[in-house]
Number of protein chains: 2
Amino acid sequence: MEPVGIVRSCWPDRWGIPRQPGLAPSAWAELHLAPHVPTEALRGIEGYSHLWLTIQFHAVTHTRWTGRPPRLEGDRVGVFASRSPHRPSGIGLSLVRLASVDLGARVLHLRDHDLLDGTPVLDIKPYVSWCDAPVDARSGFAPAPPTPRPVFFDPGAWPLLDGREATARIIAETLAADPRQGRPGWKQMRVRVEDLDVHVRVDGEALVVENVVVWQGPR
Amino acid sequence: MEPVGIVRSCWPDRWGIPRQPGLAPSAWAELHLAPHVPTEALRGIEGYSHLWLTIQFHAVTHTRWTGRPPRLEGDRVGVFASRSPHRPSGIGLSLVRLASVDLGARVLHLRDHDLLDGTPVLDIKPYVSWCDAPVDARSGFAPAPPTPRPVFFDPGAWPLLDGREATARIIAETLAADPRQGRPGWKQMRVRVEDLDVHVRVDGEALVVENVVVWQGPR
């Protein structure tokens with residue numbers, strides 16, 4: 001199955017990405033159409049504020065039939081009762097906001113996403129409120145969004161973020177969604193945003209950015 | 001990509017199926033798990049009222065980059081601005097109601113669906129209100145559900161439906177969603193529901209069931 005596009009996003013590493021769309025409103029992504037896709041396939045798409053993307057979990061290498069979602073603190077549920085990326089199909093589903101369409105550049109600018117840089121997109125469908133949002137839905141063990149964590153920046157983290165307020169906002173929103181993912185014992189972690197490697201410590205309820213360095217590993 | 005299950009449904013023919021889930025609440029479907037899928041993959045799924053199914057449009061043989069949705073009466077939009085089944089990926093997305101789970105039989109009983117009998121299911125994901133239903137969404141050219149058509153049954157259609165009230169309700173709901181799909185010139189049509197072939201005529205705003213016979217073609 002040939003992808004119809006590839007995602008470029010502010011998150012170059014899957015670890016640390018908020019686990020649902022919409023938790024980091026400053027995060028950016030671009031969907032670049034594949035060369036074989038004509039732009040007429042997008043005609044009328046600007047009438048929709050949100051899109052469903054069918055994606056490949058290209059960085060996930062194995063399937064698990066059960067998993068431990070962050071909310072349940074150790075309890076296992078089936079893969080079909082969760083949004084775990086370790087799916088038998090390898091196919092993901094992501095609701096994103098369509099910010100703007102650049103037909104000349106063959107790019108859709110996206111917001112409110114949870115997409116890893118380099119993600120292949122298999123399909124794009126419009127979000128339609130009256131059939132996609134049942135009013136009487138019950139949402140199992142995840143009935144409400146997680147409470148955001150307080151986030152602070154140590155003075156040592158400032159130099160590289162000077163003049164990069166948008167990037168600092170993405171870092172703050174990424175951490176507010178708590179990248180620990182149900183591993184409450186973790187006291188130190190690193191997350192990547194754009195070209196930066198962000199060193200974080202846990203201080204009670206808060207996450208504190210201790211240092212920000214330019215990522216030195218492979219792109 | 002190996003399906004994780006197959007759908008059995010009241011609609012054995014894709015022509016005539018309501019084009020979005022939820023328009024025919026009496027319609028039934030069963031999702032039969034594939035032999036290689038352990039039932040533990042369903043653990044916790046009963047906590048959710050609705051599921052996203054990632055499906056194969058197995059009865060669709062070609063892709064179209066643009067199409068004419070029923071609402072627009074002839075205007076073309078891009079495939080990515082529509083829910084047309086003629087998608088480059090061949091992958092569909094369907095929101096269904098989970099009525100009950102029969103672990104012993106390895107079957108999920110579904111409602112409020114739009115699924116063709118025999119549809120391969122690639123993935124099952126829970127519907128989660130707080131991240132799947134953005135409150136500020138704009139829905140392009142399909143901002144509201146279609147107005148249901150009045151449906152009547154001629155006396156000639158009664159004999160086979162005697163004692164089959166559930167089937168008659170599915171027929172009525174299928175026709176109320178107007179299977180003409182933007183072809184207002186049509187005055188006669190046939191739709192299939194379960195083992196029946198339903199002969200219909202258009203009478204002004206109404207759809208009238210003239211005759212119901214047992215389907216004689218291949219299953």
# chains A, B, ... in the order shown; residues from 1 in each chain; ligands from 1
>>> select_by_dssp(residues="segment 19-136 of chain B", states="strand (DSSP E or B)", output="VMD selection string")
chain B and resid 29 to 33 48 50 to 56 66 to 67 77 to 78 91 to 102 107 to 111 120 to 126
>>> write_last_selection(atoms="C-alpha atoms", output="PDB file, in the first residue's frame")
ATOM      1  CA  ALA B  29     -23.856  -6.832  12.156  1.00  0.00           C
ATOM      2  CA  GLU B  30     -21.505  -9.332  13.769  1.00  0.00           C
ATOM      3  CA  LEU B  31     -17.734  -9.051  13.854  1.00  0.00           C
ATOM      4  CA  HIS B  32     -16.248 -12.567  13.893  1.00  0.00           C
ATOM      5  CA  LEU B  33     -12.680 -12.664  15.186  1.00  0.00           C
ATOM      6  CA  TYR B  48     -16.839   1.381  25.406  1.00  0.00           C
ATOM      7  CA  HIS B  50     -18.624   2.771  20.247  1.00  0.00           C
ATOM      8  CA  LEU B  51     -15.704   1.437  18.224  1.00  0.00           C
ATOM      9  CA  TRP B  52     -13.741   2.621  15.194  1.00  0.00           C
ATOM     10  CA  LEU B  53     -13.296  -0.155  12.679  1.00  0.00           C
ATOM     11  CA  THR B  54     -10.547   0.096  10.075  1.00  0.00           C
ATOM     12  CA  ILE B  55     -11.871  -1.948   7.161  1.00  0.00           C
ATOM     13  CA  GLN B  56     -11.044  -2.998   3.614  1.00  0.00           C
ATOM     14  CA  THR B  66     -12.412  12.978  -7.348  1.00  0.00           C
ATOM     15  CA  GLY B  67     -16.065  12.070  -6.938  1.00  0.00           C
ATOM     16  CA  VAL B  77     -14.778  17.142  -4.787  1.00  0.00           C
ATOM     17  CA  GLY B  78     -11.460  15.463  -4.094  1.00  0.00           C
ATOM     18  CA  ILE B  91      -9.079   1.453   3.548  1.00  0.00           C
ATOM     19  CA  GLY B  92     -12.325   2.549   5.168  1.00  0.00           C
ATOM     20  CA  LEU B  93     -13.194   3.831   8.594  1.00  0.00           C
ATOM     21  CA  SER B  94     -16.497   3.083  10.284  1.00  0.00           C
ATOM     22  CA  LEU B  95     -17.847   4.156  13.656  1.00  0.00           C
ATOM     23  CA  VAL B  96     -20.139   1.461  15.079  1.00  0.00           C
ATOM     24  CA  ARG B  97     -22.050   0.887  18.290  1.00  0.00           C
ATOM     25  CA  LEU B  98     -20.881  -2.091  20.364  1.00  0.00           C
ATOM     26  CA  ALA B  99     -24.131  -3.805  21.430  1.00  0.00           C
ATOM     27  CA  SER B 100     -22.607  -6.807  23.210  1.00  0.00           C
ATOM     28  CA  VAL B 101     -19.554  -9.043  23.394  1.00  0.00           C
ATOM     29  CA  ASP B 102     -19.782 -12.850  23.137  1.00  0.00           C
ATOM     30  CA  VAL B 107     -18.193 -12.388  18.183  1.00  0.00           C
ATOM     31  CA  LEU B 108     -18.835  -8.674  18.718  1.00  0.00           C
ATOM     32  CA  HIS B 109     -22.474  -7.705  18.087  1.00  0.00           C
ATOM     33  CA  LEU B 110     -22.668  -4.311  16.367  1.00  0.00           C
ATOM     34  CA  ARG B 111     -25.353  -1.686  15.662  1.00  0.00           C
ATOM     35  CA  PRO B 120     -12.553  -7.691   6.287  1.00  0.00           C
ATOM     36  CA  VAL B 121     -11.684  -5.780   9.482  1.00  0.00           C
ATOM     37  CA  LEU B 122      -8.054  -4.665   9.837  1.00  0.00           C
ATOM     38  CA  ASP B 123      -8.268  -3.016  13.241  1.00  0.00           C
ATOM     39  CA  ILE B 124     -10.610  -2.192  16.136  1.00  0.00           C
ATOM     40  CA  LYS B 125     -10.116   0.897  18.304  1.00  0.00           C
ATOM     41  CA  PRO B 126     -12.227   2.370  21.107  1.00  0.00           C
TER      42      PRO B 126
END
>>> residues_around(residues="Pro148 of chain B", least_positions_apart="3", cutoff="9 Å", atoms="only C-alpha atoms", output="VMD selection string")
chain B and resid 23 145 151 173 175 to 178
>>> write_last_selection(atoms="all heavy atoms", output="compact mmCIF listing (two decimals), in the first residue's frame")
# COMPACT_ATOMS: atom_id res chain seq x y z
N LEU B 23 -27.56 5.75 10.50
CA LEU B 23 -28.81 6.12 9.84
C LEU B 23 -29.84 5.00 9.91
O LEU B 23 -31.02 5.24 9.68
CB LEU B 23 -28.55 6.51 8.38
CG LEU B 23 -27.70 7.77 8.17
CD1 LEU B 23 -27.54 8.08 6.69
CD2 LEU B 23 -28.31 8.96 8.89
N PRO B 145 -27.22 15.71 9.17
CA PRO B 145 -27.68 14.46 8.56
C PRO B 145 -28.74 14.73 7.49
O PRO B 145 -29.43 15.74 7.55
CB PRO B 145 -28.30 13.67 9.73
CG PRO B 145 -28.12 14.49 10.94
CD PRO B 145 -27.57 15.81 10.59
N VAL B 151 -41.42 6.28 3.93
CA VAL B 151 -41.36 4.94 3.32
C VAL B 151 -42.71 4.25 3.53
O VAL B 151 -43.25 4.28 4.65
CB VAL B 151 -40.22 4.09 3.94
CG1 VAL B 151 -40.25 2.67 3.39
CG2 VAL B 151 -38.87 4.74 3.68
N GLU B 173 -35.62 1.60 7.24
CA GLU B 173 -34.54 2.55 7.57
C GLU B 173 -33.55 2.68 6.41
O GLU B 173 -33.01 3.76 6.16
CB GLU B 173 -33.83 2.09 8.84
CG GLU B 173 -34.71 2.22 10.08
CD GLU B 173 -34.14 1.48 11.29
OE1 GLU B 173 -33.04 0.93 11.19
OE2 GLU B 173 -34.83 1.48 12.33
N LEU B 175 -34.29 2.47 3.27
CA LEU B 175 -34.91 3.31 2.23
C LEU B 175 -35.06 4.76 2.71
O LEU B 175 -34.92 5.70 1.91
CB LEU B 175 -36.26 2.73 1.83
CG LEU B 175 -36.17 1.35 1.17
CD1 LEU B 175 -37.56 0.79 0.91
CD2 LEU B 175 -35.37 1.43 -0.14
N ALA B 176 -35.32 4.96 4.01
CA ALA B 176 -35.46 6.33 4.52
C ALA B 176 -34.18 7.13 4.29
O ALA B 176 -34.22 8.35 4.14
CB ALA B 176 -35.82 6.30 6.01
N ALA B 177 -33.02 6.45 4.25
CA ALA B 177 -31.75 7.14 4.00
C ALA B 177 -31.54 7.43 2.52
O ALA B 177 -30.53 8.01 2.13
CB ALA B 177 -30.59 6.30 4.53
N ASP B 178 -32.50 7.03 1.68
CA ASP B 178 -32.52 7.32 0.24
C ASP B 178 -31.32 6.73 -0.51
O ASP B 178 -30.30 7.39 -0.72
CB ASP B 178 -32.60 8.83 -0.03
CG ASP B 178 -33.05 9.07 -1.48
OD1 ASP B 178 -33.07 8.11 -2.29
OD2 ASP B 178 -33.39 10.22 -1.80
>>> residues_around(residues="Trp130 of chain B", least_positions_apart="6", cutoff="12 Å", atoms="only C-alpha atoms", output="number ranges by chain")
A: 20-23, 95, 133-135, 137-140, 142-146
>>> write_last_selection(atoms="all heavy atoms", output="compact mmCIF listing (two decimals), in the first residue's frame")
# COMPACT_ATOMS: atom_id res chain seq x y z
N GLN A 20 -2.53 11.47 22.71
CA GLN A 20 -3.74 11.73 21.93
C GLN A 20 -3.59 13.10 21.27
O GLN A 20 -2.86 13.95 21.78
CB GLN A 20 -5.00 11.72 22.81
CG GLN A 20 -5.29 10.40 23.49
CD GLN A 20 -5.50 9.25 22.51
OE1 GLN A 20 -5.79 9.44 21.34
NE2 GLN A 20 -5.30 8.03 23.00
N PRO A 21 -4.29 13.30 20.15
CA PRO A 21 -4.24 14.60 19.50
C PRO A 21 -4.85 15.69 20.40
O PRO A 21 -5.67 15.40 21.26
CB PRO A 21 -5.12 14.42 18.26
CG PRO A 21 -5.25 12.96 18.06
CD PRO A 21 -5.12 12.33 19.42
N GLY A 22 -4.43 16.92 20.20
CA GLY A 22 -5.10 18.06 20.84
C GLY A 22 -4.50 18.48 22.17
O GLY A 22 -4.85 19.53 22.69
N LEU A 23 -3.59 17.67 22.74
CA LEU A 23 -3.03 18.02 24.05
C LEU A 23 -1.93 19.08 23.93
O LEU A 23 -1.58 19.71 24.91
CB LEU A 23 -2.48 16.77 24.75
CG LEU A 23 -3.52 15.72 25.14
CD1 LEU A 23 -2.84 14.57 25.88
CD2 LEU A 23 -4.61 16.32 26.01
N LEU A 95 -6.81 12.13 14.60
CA LEU A 95 -7.65 13.28 14.28
C LEU A 95 -6.80 14.53 14.41
O LEU A 95 -6.20 14.77 15.46
CB LEU A 95 -8.84 13.34 15.24
CG LEU A 95 -9.85 14.45 14.98
CD1 LEU A 95 -10.52 14.30 13.62
CD2 LEU A 95 -10.90 14.48 16.08
N ALA A 133 -19.52 11.85 15.99
CA ALA A 133 -19.53 12.19 17.41
C ALA A 133 -20.84 11.77 18.07
O ALA A 133 -21.72 12.58 18.28
CB ALA A 133 -19.32 13.71 17.58
N PRO A 134 -20.99 10.48 18.38
CA PRO A 134 -22.23 10.03 19.02
C PRO A 134 -22.40 10.70 20.38
O PRO A 134 -21.45 10.79 21.16
CB PRO A 134 -22.04 8.51 19.17
CG PRO A 134 -20.58 8.29 19.05
CD PRO A 134 -20.04 9.39 18.19
N VAL A 135 -23.62 11.19 20.65
CA VAL A 135 -23.83 11.99 21.87
C VAL A 135 -23.91 11.12 23.13
O VAL A 135 -23.75 11.62 24.23
CB VAL A 135 -25.12 12.84 21.76
CG1 VAL A 135 -24.91 13.95 20.73
CG2 VAL A 135 -26.32 11.99 21.41
N ALA A 137 -21.98 8.39 23.90
CA ALA A 137 -20.85 7.46 23.98
C ALA A 137 -20.33 7.31 25.41
O ALA A 137 -20.30 8.26 26.18
CB ALA A 137 -19.72 7.94 23.06
N ARG A 138 -19.93 6.10 25.74
CA ARG A 138 -19.26 5.76 27.00
C ARG A 138 -17.80 5.47 26.68
O ARG A 138 -17.52 4.67 25.79
CB ARG A 138 -19.86 4.50 27.59
CG ARG A 138 -20.78 4.70 28.76
CD ARG A 138 -21.23 3.34 29.31
NE ARG A 138 -21.69 2.43 28.27
CZ ARG A 138 -21.15 1.26 27.99
NH1 ARG A 138 -20.10 0.83 28.67
NH2 ARG A 138 -21.64 0.50 27.03
N SER A 139 -16.87 6.06 27.44
CA SER A 139 -15.45 5.97 27.06
C SER A 139 -14.61 5.20 28.06
O SER A 139 -13.49 5.62 28.40
CB SER A 139 -14.88 7.36 26.82
OG SER A 139 -15.55 7.98 25.75
N GLY A 140 -15.09 4.07 28.54
CA GLY A 140 -14.31 3.12 29.30
C GLY A 140 -13.44 3.75 30.38
O GLY A 140 -13.90 4.58 31.16
N ALA A 142 -11.04 5.83 30.08
CA ALA A 142 -10.45 7.14 29.75
C ALA A 142 -11.56 8.16 29.52
O ALA A 142 -11.72 8.69 28.44
CB ALA A 142 -9.55 7.03 28.52
N PRO A 143 -12.37 8.42 30.55
CA PRO A 143 -13.56 9.26 30.35
C PRO A 143 -13.27 10.75 30.20
O PRO A 143 -14.15 11.50 29.81
CB PRO A 143 -14.39 9.00 31.61
CG PRO A 143 -13.39 8.64 32.65
CD PRO A 143 -12.28 7.94 31.93
N ALA A 144 -12.07 11.21 30.51
CA ALA A 144 -11.77 12.64 30.46
C ALA A 144 -10.29 12.84 30.16
O ALA A 144 -9.49 11.94 30.38
CB ALA A 144 -12.14 13.31 31.78
N PRO A 145 -9.92 14.02 29.64
CA PRO A 145 -8.50 14.26 29.37
C PRO A 145 -7.70 14.24 30.65
O PRO A 145 -8.22 14.52 31.73
CB PRO A 145 -8.46 15.66 28.74
CG PRO A 145 -9.84 16.14 28.66
CD PRO A 145 -10.76 15.18 29.34
N PRO A 146 -6.39 13.90 30.55
CA PRO A 146 -5.54 13.94 31.74
C PRO A 146 -5.37 15.37 32.25
O PRO A 146 -5.43 16.32 31.47
CB PRO A 146 -4.21 13.38 31.25
CG PRO A 146 -4.24 13.53 29.76
CD PRO A 146 -5.67 13.48 29.35
>>> residues_around(residues="Val193 of chain B", least_positions_apart="2", cutoff="12 Å", atoms="only C-alpha atoms", output="PyMOL selection string")
chain B and resi 9-18+24+26-29+116-117+161+164+166-175+190-191+195-199+212-215
>>> closest_residue(among="B:Pro150, B:Gly47, B:Gly185, B:Pro85", to="chain A", atoms="only C-alpha atoms")
B:Gly47
>>> decode(residues="segment 188-219 of chain B", atoms="N, CA, C and O atoms", output="PDB file, in the first residue's frame")
ATOM      1  N   GLN B 188     -37.171   3.734 -10.108  1.00  0.00           N
ATOM      2  CA  GLN B 188     -37.272   2.327  -9.679  1.00  0.00           C
ATOM      3  C   GLN B 188     -35.908   1.905  -9.157  1.00  0.00           C
ATOM      4  O   GLN B 188     -34.888   2.347  -9.682  1.00  0.00           O
ATOM      5  N   MET B 189     -35.884   1.042  -8.167  1.00  0.00           N
ATOM      6  CA  MET B 189     -34.590   0.516  -7.712  1.00  0.00           C
ATOM      7  C   MET B 189     -34.818  -0.769  -6.930  1.00  0.00           C
ATOM      8  O   MET B 189     -35.961  -1.106  -6.572  1.00  0.00           O
ATOM      9  N   ARG B 190     -33.731  -1.493  -6.709  1.00  0.00           N
ATOM     10  CA  ARG B 190     -33.782  -2.691  -5.865  1.00  0.00           C
ATOM     11  C   ARG B 190     -32.687  -2.574  -4.828  1.00  0.00           C
ATOM     12  O   ARG B 190     -31.580  -2.134  -5.133  1.00  0.00           O
ATOM     13  N   VAL B 191     -33.004  -2.991  -3.607  1.00  0.00           N
ATOM     14  CA  VAL B 191     -31.961  -3.088  -2.587  1.00  0.00           C
ATOM     15  C   VAL B 191     -32.075  -4.460  -1.943  1.00  0.00           C
ATOM     16  O   VAL B 191     -33.139  -5.093  -1.966  1.00  0.00           O
ATOM     17  N   ARG B 192     -30.960  -4.943  -1.384  1.00  0.00           N
ATOM     18  CA  ARG B 192     -30.978  -6.247  -0.717  1.00  0.00           C
ATOM     19  C   ARG B 192     -30.824  -6.059   0.784  1.00  0.00           C
ATOM     20  O   ARG B 192     -29.980  -5.289   1.246  1.00  0.00           O
ATOM     21  N   VAL B 193     -31.658  -6.779   1.538  1.00  0.00           N
ATOM     22  CA  VAL B 193     -31.554  -6.805   2.994  1.00  0.00           C
ATOM     23  C   VAL B 193     -31.672  -8.268   3.416  1.00  0.00           C
ATOM     24  O   VAL B 193     -32.644  -8.949   3.059  1.00  0.00           O
ATOM     25  N   GLU B 194     -30.674  -8.749   4.128  1.00  0.00           N
ATOM     26  CA  GLU B 194     -30.595 -10.166   4.513  1.00  0.00           C
ATOM     27  C   GLU B 194     -30.769 -11.038   3.264  1.00  0.00           C
ATOM     28  O   GLU B 194     -30.047 -10.844   2.292  1.00  0.00           O
ATOM     29  N   ASP B 195     -31.720 -11.970   3.267  1.00  0.00           N
ATOM     30  CA  ASP B 195     -31.890 -12.866   2.115  1.00  0.00           C
ATOM     31  C   ASP B 195     -32.901 -12.334   1.098  1.00  0.00           C
ATOM     32  O   ASP B 195     -33.290 -13.063   0.186  1.00  0.00           O
ATOM     33  N   LEU B 196     -33.311 -11.083   1.259  1.00  0.00           N
ATOM     34  CA  LEU B 196     -34.427 -10.568   0.465  1.00  0.00           C
ATOM     35  C   LEU B 196     -33.974  -9.555  -0.585  1.00  0.00           C
ATOM     36  O   LEU B 196     -33.027  -8.802  -0.380  1.00  0.00           O
ATOM     37  N   ASP B 197     -34.699  -9.539  -1.681  1.00  0.00           N
ATOM     38  CA  ASP B 197     -34.512  -8.556  -2.754  1.00  0.00           C
ATOM     39  C   ASP B 197     -35.759  -7.666  -2.716  1.00  0.00           C
ATOM     40  O   ASP B 197     -36.882  -8.152  -2.864  1.00  0.00           O
ATOM     41  N   VAL B 198     -35.546  -6.369  -2.489  1.00  0.00           N
ATOM     42  CA  VAL B 198     -36.649  -5.445  -2.237  1.00  0.00           C
ATOM     43  C   VAL B 198     -36.821  -4.537  -3.459  1.00  0.00           C
ATOM     44  O   VAL B 198     -35.887  -3.836  -3.856  1.00  0.00           O
ATOM     45  N   HIS B 199     -38.014  -4.562  -4.063  1.00  0.00           N
ATOM     46  CA  HIS B 199     -38.303  -3.758  -5.251  1.00  0.00           C
ATOM     47  C   HIS B 199     -39.000  -2.466  -4.812  1.00  0.00           C
ATOM     48  O   HIS B 199     -40.014  -2.510  -4.113  1.00  0.00           O
ATOM     49  N   VAL B 200     -38.472  -1.340  -5.247  1.00  0.00           N
ATOM     50  CA  VAL B 200     -38.904  -0.047  -4.719  1.00  0.00           C
ATOM     51  C   VAL B 200     -39.244   0.890  -5.873  1.00  0.00           C
ATOM     52  O   VAL B 200     -38.556   0.897  -6.895  1.00  0.00           O
ATOM     53  N   ARG B 201     -40.312   1.682  -5.688  1.00  0.00           N
ATOM     54  CA  ARG B 201     -40.559   2.775  -6.640  1.00  0.00           C
ATOM     55  C   ARG B 201     -40.581   4.098  -5.887  1.00  0.00           C
ATOM     56  O   ARG B 201     -40.873   4.143  -4.683  1.00  0.00           O
ATOM     57  N   VAL B 202     -40.231   5.161  -6.611  1.00  0.00           N
ATOM     58  CA  VAL B 202     -40.242   6.504  -6.035  1.00  0.00           C
ATOM     59  C   VAL B 202     -41.594   7.124  -6.336  1.00  0.00           C
ATOM     60  O   VAL B 202     -42.058   7.083  -7.471  1.00  0.00           O
ATOM     61  N   ASP B 203     -42.229   7.687  -5.310  1.00  0.00           N
ATOM     62  CA  ASP B 203     -43.536   8.330  -5.480  1.00  0.00           C
ATOM     63  C   ASP B 203     -43.448   9.698  -4.811  1.00  0.00           C
ATOM     64  O   ASP B 203     -43.697   9.832  -3.612  1.00  0.00           O
ATOM     65  N   GLY B 204     -43.048  10.705  -5.574  1.00  0.00           N
ATOM     66  CA  GLY B 204     -42.843  12.041  -5.004  1.00  0.00           C
ATOM     67  C   GLY B 204     -41.687  11.999  -4.019  1.00  0.00           C
ATOM     68  O   GLY B 204     -40.594  11.545  -4.343  1.00  0.00           O
ATOM     69  N   GLU B 205     -41.936  12.437  -2.794  1.00  0.00           N
ATOM     70  CA  GLU B 205     -40.892  12.426  -1.760  1.00  0.00           C
ATOM     71  C   GLU B 205     -40.697  11.024  -1.175  1.00  0.00           C
ATOM     72  O   GLU B 205     -39.695  10.755  -0.523  1.00  0.00           O
ATOM     73  N   ALA B 206     -41.711  10.166  -1.382  1.00  0.00           N
ATOM     74  CA  ALA B 206     -41.712   8.875  -0.680  1.00  0.00           C
ATOM     75  C   ALA B 206     -41.059   7.765  -1.494  1.00  0.00           C
ATOM     76  O   ALA B 206     -40.986   7.825  -2.732  1.00  0.00           O
ATOM     77  N   LEU B 207     -40.583   6.731  -0.773  1.00  0.00           N
ATOM     78  CA  LEU B 207     -40.135   5.495  -1.401  1.00  0.00           C
ATOM     79  C   LEU B 207     -41.139   4.410  -1.015  1.00  0.00           C
ATOM     80  O   LEU B 207     -41.499   4.276   0.160  1.00  0.00           O
ATOM     81  N   VAL B 208     -41.608   3.661  -2.018  1.00  0.00           N
ATOM     82  CA  VAL B 208     -42.664   2.675  -1.797  1.00  0.00           C
ATOM     83  C   VAL B 208     -42.130   1.279  -2.119  1.00  0.00           C
ATOM     84  O   VAL B 208     -41.638   1.041  -3.230  1.00  0.00           O
ATOM     85  N   VAL B 209     -42.241   0.370  -1.154  1.00  0.00           N
ATOM     86  CA  VAL B 209     -41.855  -1.021  -1.373  1.00  0.00           C
ATOM     87  C   VAL B 209     -42.992  -1.714  -2.104  1.00  0.00           C
ATOM     88  O   VAL B 209     -44.082  -1.868  -1.568  1.00  0.00           O
ATOM     89  N   GLU B 210     -42.717  -2.109  -3.371  1.00  0.00           N
ATOM     90  CA  GLU B 210     -43.758  -2.737  -4.190  1.00  0.00           C
ATOM     91  C   GLU B 210     -43.809  -4.229  -3.995  1.00  0.00           C
ATOM     92  O   GLU B 210     -44.854  -4.849  -4.054  1.00  0.00           O
ATOM     93  N   ASN B 211     -42.638  -4.827  -3.813  1.00  0.00           N
ATOM     94  CA  ASN B 211     -42.574  -6.281  -3.770  1.00  0.00           C
ATOM     95  C   ASN B 211     -41.309  -6.693  -3.013  1.00  0.00           C
ATOM     96  O   ASN B 211     -40.313  -5.966  -3.018  1.00  0.00           O
ATOM     97  N   VAL B 212     -41.388  -7.835  -2.363  1.00  0.00           N
ATOM     98  CA  VAL B 212     -40.225  -8.399  -1.676  1.00  0.00           C
ATOM     99  C   VAL B 212     -40.136  -9.864  -2.071  1.00  0.00           C
ATOM    100  O   VAL B 212     -41.102 -10.609  -1.900  1.00  0.00           O
ATOM    101  N   VAL B 213     -38.987 -10.254  -2.640  1.00  0.00           N
ATOM    102  CA  VAL B 213     -38.818 -11.652  -3.042  1.00  0.00           C
ATOM    103  C   VAL B 213     -37.522 -12.189  -2.442  1.00  0.00           C
ATOM    104  O   VAL B 213     -36.646 -11.422  -2.051  1.00  0.00           O
ATOM    105  N   VAL B 214     -37.432 -13.529  -2.341  1.00  0.00           N
ATOM    106  CA  VAL B 214     -36.189 -14.122  -1.858  1.00  0.00           C
ATOM    107  C   VAL B 214     -35.129 -13.983  -2.958  1.00  0.00           C
ATOM    108  O   VAL B 214     -35.408 -14.250  -4.129  1.00  0.00           O
ATOM    109  N   TRP B 215     -33.958 -13.534  -2.550  1.00  0.00           N
ATOM    110  CA  TRP B 215     -32.847 -13.341  -3.487  1.00  0.00           C
ATOM    111  C   TRP B 215     -32.457 -14.668  -4.104  1.00  0.00           C
ATOM    112  O   TRP B 215     -32.269 -15.667  -3.391  1.00  0.00           O
ATOM    113  N   GLN B 216     -32.339 -14.697  -5.443  1.00  0.00           N
ATOM    114  CA  GLN B 216     -32.058 -15.945  -6.147  1.00  0.00           C
ATOM    115  C   GLN B 216     -30.621 -16.020  -6.651  1.00  0.00           C
ATOM    116  O   GLN B 216     -30.215 -17.050  -7.163  1.00  0.00           O
ATOM    117  N   GLY B 217     -29.887 -14.931  -6.555  1.00  0.00           N
ATOM    118  CA  GLY B 217     -28.529 -14.916  -7.106  1.00  0.00           C
ATOM    119  C   GLY B 217     -27.533 -15.611  -6.197  1.00  0.00           C
ATOM    120  O   GLY B 217     -27.905 -16.257  -5.221  1.00  0.00           O
ATOM    121  N   PRO B 218     -26.256 -15.493  -6.526  1.00  0.00           N
ATOM    122  CA  PRO B 218     -25.220 -16.130  -5.703  1.00  0.00           C
ATOM    123  C   PRO B 218     -25.107 -15.449  -4.348  1.00  0.00           C
ATOM    124  O   PRO B 218     -25.294 -14.246  -4.248  1.00  0.00           O
ATOM    125  N   ARG B 219     -24.818 -16.216  -3.350  1.00  0.00           N
ATOM    126  CA  ARG B 219     -24.556 -15.635  -2.015  1.00  0.00           C
ATOM    127  C   ARG B 219     -23.078 -15.343  -1.883  1.00  0.00           C
ATOM    128  O   ARG B 219     -22.244 -16.054  -2.396  1.00  0.00           O
TER     129      ARG B 219
END
